[in-house]
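Here the structure is laid out as structure tokens; the discussion comes afterwards.
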Amino acid sequence: MRLALLSCVVAILAVLGMVPTPAAAQAGLTGTALTTCALRDRPGLSPRQVFAATRGFVCPADQRRLGPGSYWIRSTPLRRSAPVAVRSASLWQGVVTLYALYADGRIVPTVIDQQAASRHVQLGAILEIALPQRPAPLVRLLWHVDHAANLRGIVRDPTLATPTQSIDSNLLMGGMYAAFAGLCIALLCYNFALWVALRHPFQLAYCAMVTGLLAYTVTSSGWIAWLYPLIANNDRIRANYLLLGLSTIAAFQFARTFFEARVFAGTIGRLVTLTCAITAAASLGFCLFAPLNVWLFDRFYSLAFALQMAMVVPLLWRAWVLRSNYLWVFALAWASPIVMASFRIASSLGMIGWNFWLDNSTIMTMTIEALLSSIAIAYRMRLLSNERDEAREREIAARLLADTDPLTGLLNRRAFLHNAIGRSGEQILMIADLDHFKQVNETIGHDGGDEVLRVFARTLRQAVPPEALVARIGGEEFAIVVPAESVVDPDDILTGLRAGRMPYDVTVTASIGMCSGPLERETDWKALYACADRALFEAKSAGRDRARSRDLPDSAHGRPAPTLAVRSR
């Protein structure tokens, strides 16, 4: 959270640095700044009359105070003779005519309609008009702007720039936009590939957001006018509004899938959905119907964005209250974009002044966001990986519990048969049964009897090789399966049992029956078990505390095992 707060502070300081004094208001643009004054148009005025007029002009610090309409915008006197171009911000306007007055009294007009405006758009959405070079120097400029929406100004921050300055500006802006586009493409490819492999919803939502921002960059930078020169400039602006709105909706969807589901549960989730629906309506409304009343739809659009920014506060608060694991990385990544977007909204609503770099802040802040969101996604995936590992460990533990006898820790009968049947090659089966175990329970109690079973289980594990299967398959009956080539002496097991320290120092012995044969099918198991069980019965009959071995009858190979009679031991 400290890093997120630091990001906010940096963003605020950056914005404060972008709100300049009038003398430096064109710092974001190249060339020499021009001071202008405005005169509302009225019928019968000619360019020469307006050039010569001495009254009626107003020079407000913010032209938006004058409202929409048609205007004459006149520069202060100047004197330039070198090849020069007039640059200004691209705005929602009708037909613009630029008049250049030269020292010999000649007035040269340049008419810029919507299609012509696109042909004159430079990177950074800057309208650049090259003035014809004449023997006489340029002494003044005059714009006639027909049906200016005046959302950001009538003629916004005009400058005079040389061809070299214009090229340098395009190179600077081209480098900035190309870097952002390259970053977007790289992140898009990387996260889409991860989504194909891992199928996390937040990765697909992030790809949608990055794609929207990439498309928004194409329109906001003016590059679309280079790709498609016939597009009307106002149509470029309409597409710009739509793509930015869709990008913010994708950003909220990314947040919805990035956070835990509980953060967006209930009322907060419904409010976010409503906010996104309003933003979608405002974006589509401006794109489709702005020519009917551009001021109204621009205000609706700005208020929808303000609602989105306001929605961030309760969303982050809920994530904090619910102790979300992802709050700090999300806040760190989105601090700068949210702060800068808030300042842009304030500028759109006329609360603070317009600035070229503030207008292009989305690209810069989203570059920071894209990089930090990659860290956030990596952190999210790390936690998901930890959760998966923990779930896998729990699954393994549950499986072990399901396969293990809880008293002795040996395999239970089901797990033993699952692992024993299907072994290739000759196998040895030993059935071990504690002698007179009922008397042991009656002598030292069932708790003591349980401890005897645990001691016998440890004795078996220690006496057999690692590849052996050891299981408790009945009350006091145990089974061991080892490959025939393994060296296992049942007398070692019996000796270890006699030497084992038993509860209350009781003496406990066991009998063992052995048989060898195949164990590839269930019928093999039944035959082998019947053979070992008969050997165990012989050991019991011979006086117990001993081992006996029998050979598997040839007739038993591949034949169903005989039905075993239940006997008491």
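The way I read the labels, and the way they are meant: chains A, B, ... in the order of the structure tokens, residue 1 as the first residue of every chain, and ligand 1 as the first ligand shown, with later ones counted on from there.
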
Non-local contacts of A:Arg87 (10 Å; only C-alpha atoms; under 5 positions in same chain excluded) as a ChimeraX atom specification: /A:29-34,120-122,126-130,155-161,166

Restricting it to N, CA and C atoms, dump the selection as a PDB file, in the first residue's frame.
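And here's out.pdb as it stands now:
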```
ATOM      1  N   LEU A  29       3.903  21.128 -26.839  1.00  0.00           N
ATOM      2  CA  LEU A  29       3.940  21.197 -28.295  1.00  0.00           C
ATOM      3  C   LEU A  29       5.237  21.834 -28.742  1.00  0.00           C
ATOM      4  N   THR A  30       5.620  21.536 -29.979  1.00  0.00           N
ATOM      5  CA  THR A  30       6.846  22.117 -30.507  1.00  0.00           C
ATOM      6  C   THR A  30       6.559  23.457 -31.169  1.00  0.00           C
ATOM      7  N   GLY A  31       7.568  24.269 -31.319  1.00  0.00           N
ATOM      8  CA  GLY A  31       7.407  25.542 -32.001  1.00  0.00           C
ATOM      9  C   GLY A  31       7.252  26.708 -31.054  1.00  0.00           C
ATOM     10  N   THR A  32       6.934  27.865 -31.647  1.00  0.00           N
ATOM     11  CA  THR A  32       6.768  29.115 -30.898  1.00  0.00           C
ATOM     12  C   THR A  32       5.297  29.330 -30.606  1.00  0.00           C
ATOM     13  N   ALA A  33       4.956  29.532 -29.332  1.00  0.00           N
ATOM     14  CA  ALA A  33       3.566  29.691 -28.928  1.00  0.00           C
ATOM     15  C   ALA A  33       2.987  30.987 -29.479  1.00  0.00           C
ATOM     16  N   LEU A  34       1.711  30.949 -29.852  1.00  0.00           N
ATOM     17  CA  LEU A  34       0.996  32.127 -30.350  1.00  0.00           C
ATOM     18  C   LEU A  34      -0.057  32.538 -29.339  1.00  0.00           C
ATOM     19  N   HIS A 120      -4.096  16.448 -42.505  1.00  0.00           N
ATOM     20  CA  HIS A 120      -3.138  17.362 -41.863  1.00  0.00           C
ATOM     21  C   HIS A 120      -2.783  16.938 -40.438  1.00  0.00           C
ATOM     22  N   VAL A 121      -3.373  15.849 -39.945  1.00  0.00           N
ATOM     23  CA  VAL A 121      -3.133  15.417 -38.563  1.00  0.00           C
ATOM     24  C   VAL A 121      -1.742  14.796 -38.454  1.00  0.00           C
ATOM     25  N   GLN A 122      -0.975  15.243 -37.453  1.00  0.00           N
ATOM     26  CA  GLN A 122       0.326  14.679 -37.142  1.00  0.00           C
ATOM     27  C   GLN A 122       0.224  13.836 -35.878  1.00  0.00           C
ATOM     28  N   ILE A 126      -2.176  16.305 -33.577  1.00  0.00           N
ATOM     29  CA  ILE A 126      -1.880  17.714 -33.788  1.00  0.00           C
ATOM     30  C   ILE A 126      -2.222  18.073 -35.225  1.00  0.00           C
ATOM     31  N   LEU A 127      -3.020  19.118 -35.390  1.00  0.00           N
ATOM     32  CA  LEU A 127      -3.376  19.610 -36.717  1.00  0.00           C
ATOM     33  C   LEU A 127      -2.283  20.556 -37.200  1.00  0.00           C
ATOM     34  N   GLU A 128      -1.622  20.204 -38.294  1.00  0.00           N
ATOM     35  CA  GLU A 128      -0.502  21.010 -38.805  1.00  0.00           C
ATOM     36  C   GLU A 128      -0.809  21.459 -40.234  1.00  0.00           C
ATOM     37  N   ILE A 129      -0.726  22.764 -40.443  1.00  0.00           N
ATOM     38  CA  ILE A 129      -0.993  23.352 -41.762  1.00  0.00           C
ATOM     39  C   ILE A 129       0.243  24.109 -42.198  1.00  0.00           C
ATOM     40  N   ALA A 130       0.859  23.650 -43.278  1.00  0.00           N
ATOM     41  CA  ALA A 130       2.049  24.321 -43.807  1.00  0.00           C
ATOM     42  C   ALA A 130       1.618  25.563 -44.589  1.00  0.00           C
ATOM     43  N   VAL A 155      -9.503  27.235 -30.851  1.00  0.00           N
ATOM     44  CA  VAL A 155      -8.205  26.905 -31.448  1.00  0.00           C
ATOM     45  C   VAL A 155      -7.278  26.687 -30.265  1.00  0.00           C
ATOM     46  N   ARG A 156      -6.855  25.453 -30.057  1.00  0.00           N
ATOM     47  CA  ARG A 156      -6.206  25.072 -28.811  1.00  0.00           C
ATOM     48  C   ARG A 156      -4.699  25.123 -28.945  1.00  0.00           C
ATOM     49  N   ASP A 157      -4.073  26.047 -28.197  1.00  0.00           N
ATOM     50  CA  ASP A 157      -2.619  26.144 -28.072  1.00  0.00           C
ATOM     51  C   ASP A 157      -1.897  26.135 -29.422  1.00  0.00           C
ATOM     52  N   PRO A 158      -2.139  27.136 -30.265  1.00  0.00           N
ATOM     53  CA  PRO A 158      -1.456  27.170 -31.569  1.00  0.00           C
ATOM     54  C   PRO A 158       0.020  27.544 -31.421  1.00  0.00           C
ATOM     55  N   THR A 159       0.817  26.995 -32.316  1.00  0.00           N
ATOM     56  CA  THR A 159       2.243  27.330 -32.361  1.00  0.00           C
ATOM     57  C   THR A 159       2.676  27.441 -33.815  1.00  0.00           C
ATOM     58  N   LEU A 160       3.808  28.124 -34.024  1.00  0.00           N
ATOM     59  CA  LEU A 160       4.473  28.163 -35.329  1.00  0.00           C
ATOM     60  C   LEU A 160       5.716  27.285 -35.236  1.00  0.00           C
ATOM     61  N   ALA A 161       5.856  26.360 -36.169  1.00  0.00           N
ATOM     62  CA  ALA A 161       6.979  25.418 -36.114  1.00  0.00           C
ATOM     63  C   ALA A 161       7.639  25.324 -37.482  1.00  0.00           C
ATOM     64  N   SER A 166       8.808  20.164 -36.685  1.00  0.00           N
ATOM     65  CA  SER A 166       7.693  19.258 -36.923  1.00  0.00           C
ATOM     66  C   SER A 166       8.175  17.812 -37.015  1.00  0.00           C
TER      67      SER A 166
END
```

Spatial neighbours of A:Arg413, 8 Å, only C-alpha atoms, chain gap at least 6 places, as a ChimeraX atom specification: /A:471-474

Sort by chain and increasing residue number a table of all residues of stretch 144-195 of chain A within 10 Å of stretch 38-57 of chain A, each with its closest pair of atoms and their distance in Å to one decimal, counting only C-alpha atoms, and write it as CSV.
```
residue,atom,partner,partner_atom,distance
A:His144,CA,A:Asp41,CA,8.2
A:Val145,CA,A:Asp41,CA,8.8
A:Asp146,CA,A:Asp41,CA,8.7
A:Ile154,CA,A:Ala38,CA,8.7
A:Val155,CA,A:Ala38,CA,9.3
```

If we count only C-alpha atoms and set the cut-off at 8 Å, which residues sit around A:Asn191, ignoring sequence neighbours fewer than 2 positions away in its own chain? Please answer as a list in words. Leu187, Leu188, Cys189, Ala193, Leu194, Trp195, Gln203, Leu204, Tyr206 and Cys207 of chain A

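With only C-alpha atoms as the atoms that count, the minimum distance from A:Thr248 to the choices A:Tyr190, A:Trp223, A:Tyr326, A:Phe305 is reached by A:Phe305.
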
Check stretch 170-408 of chain A with DSSP on the backbone and list each residue it calls alpha helix (DSSP H), as a PyMOL selection string. chain A and resi 170-198+201-220+223-227+233-258+267-289+294-321+327-348+356-359+361-403

Distance query A:Leu242 at most 8 Å, only C-alpha atoms, self and fewer than 2 positions along chain excluded, as number ranges by chain: A: 238-240, 244-246, 283-284, 286-287

Same residues, N, CA and C atoms, saved as a short mmCIF file (atom, residue, chain, number, x, y, z; two decimals), in the first residue's frame:
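New file selection-v3.cif:
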```cif
data_model
loop_
_atom_site.label_atom_id
_atom_site.label_comp_id
_atom_site.auth_asym_id
_atom_site.auth_seq_id
_atom_site.Cartn_x
_atom_site.Cartn_y
_atom_site.Cartn_z
N ARG A 238 -14.77 10.33 -32.46
CA ARG A 238 -15.86 9.47 -31.98
C ARG A 238 -15.34 8.06 -31.69
N ALA A 239 -14.52 7.54 -32.59
CA ALA A 239 -13.94 6.22 -32.36
C ALA A 239 -13.03 6.23 -31.14
N ASN A 240 -12.35 7.36 -30.93
CA ASN A 240 -11.46 7.50 -29.78
C ASN A 240 -12.24 7.39 -28.48
N LEU A 244 -11.82 4.17 -25.77
CA LEU A 244 -11.40 4.43 -24.39
C LEU A 244 -12.44 3.91 -23.40
N GLY A 245 -13.73 4.11 -23.72
CA GLY A 245 -14.78 3.61 -22.84
C GLY A 245 -14.77 2.11 -22.74
N LEU A 246 -14.62 1.42 -23.87
CA LEU A 246 -14.58 -0.04 -23.86
C LEU A 246 -13.35 -0.55 -23.11
N SER A 283 -20.43 5.76 -24.04
CA SER A 283 -19.46 5.62 -25.13
C SER A 283 -20.17 5.42 -26.47
N LEU A 284 -21.15 4.52 -26.47
CA LEU A 284 -21.90 4.28 -27.71
C LEU A 284 -22.73 5.51 -28.09
N PHE A 286 -22.02 8.69 -27.50
CA PHE A 286 -21.17 9.70 -28.12
C PHE A 286 -20.78 9.28 -29.53
N CYS A 287 -20.43 8.00 -29.70
CA CYS A 287 -19.99 7.52 -31.01
C CYS A 287 -21.09 7.64 -32.06
#
```
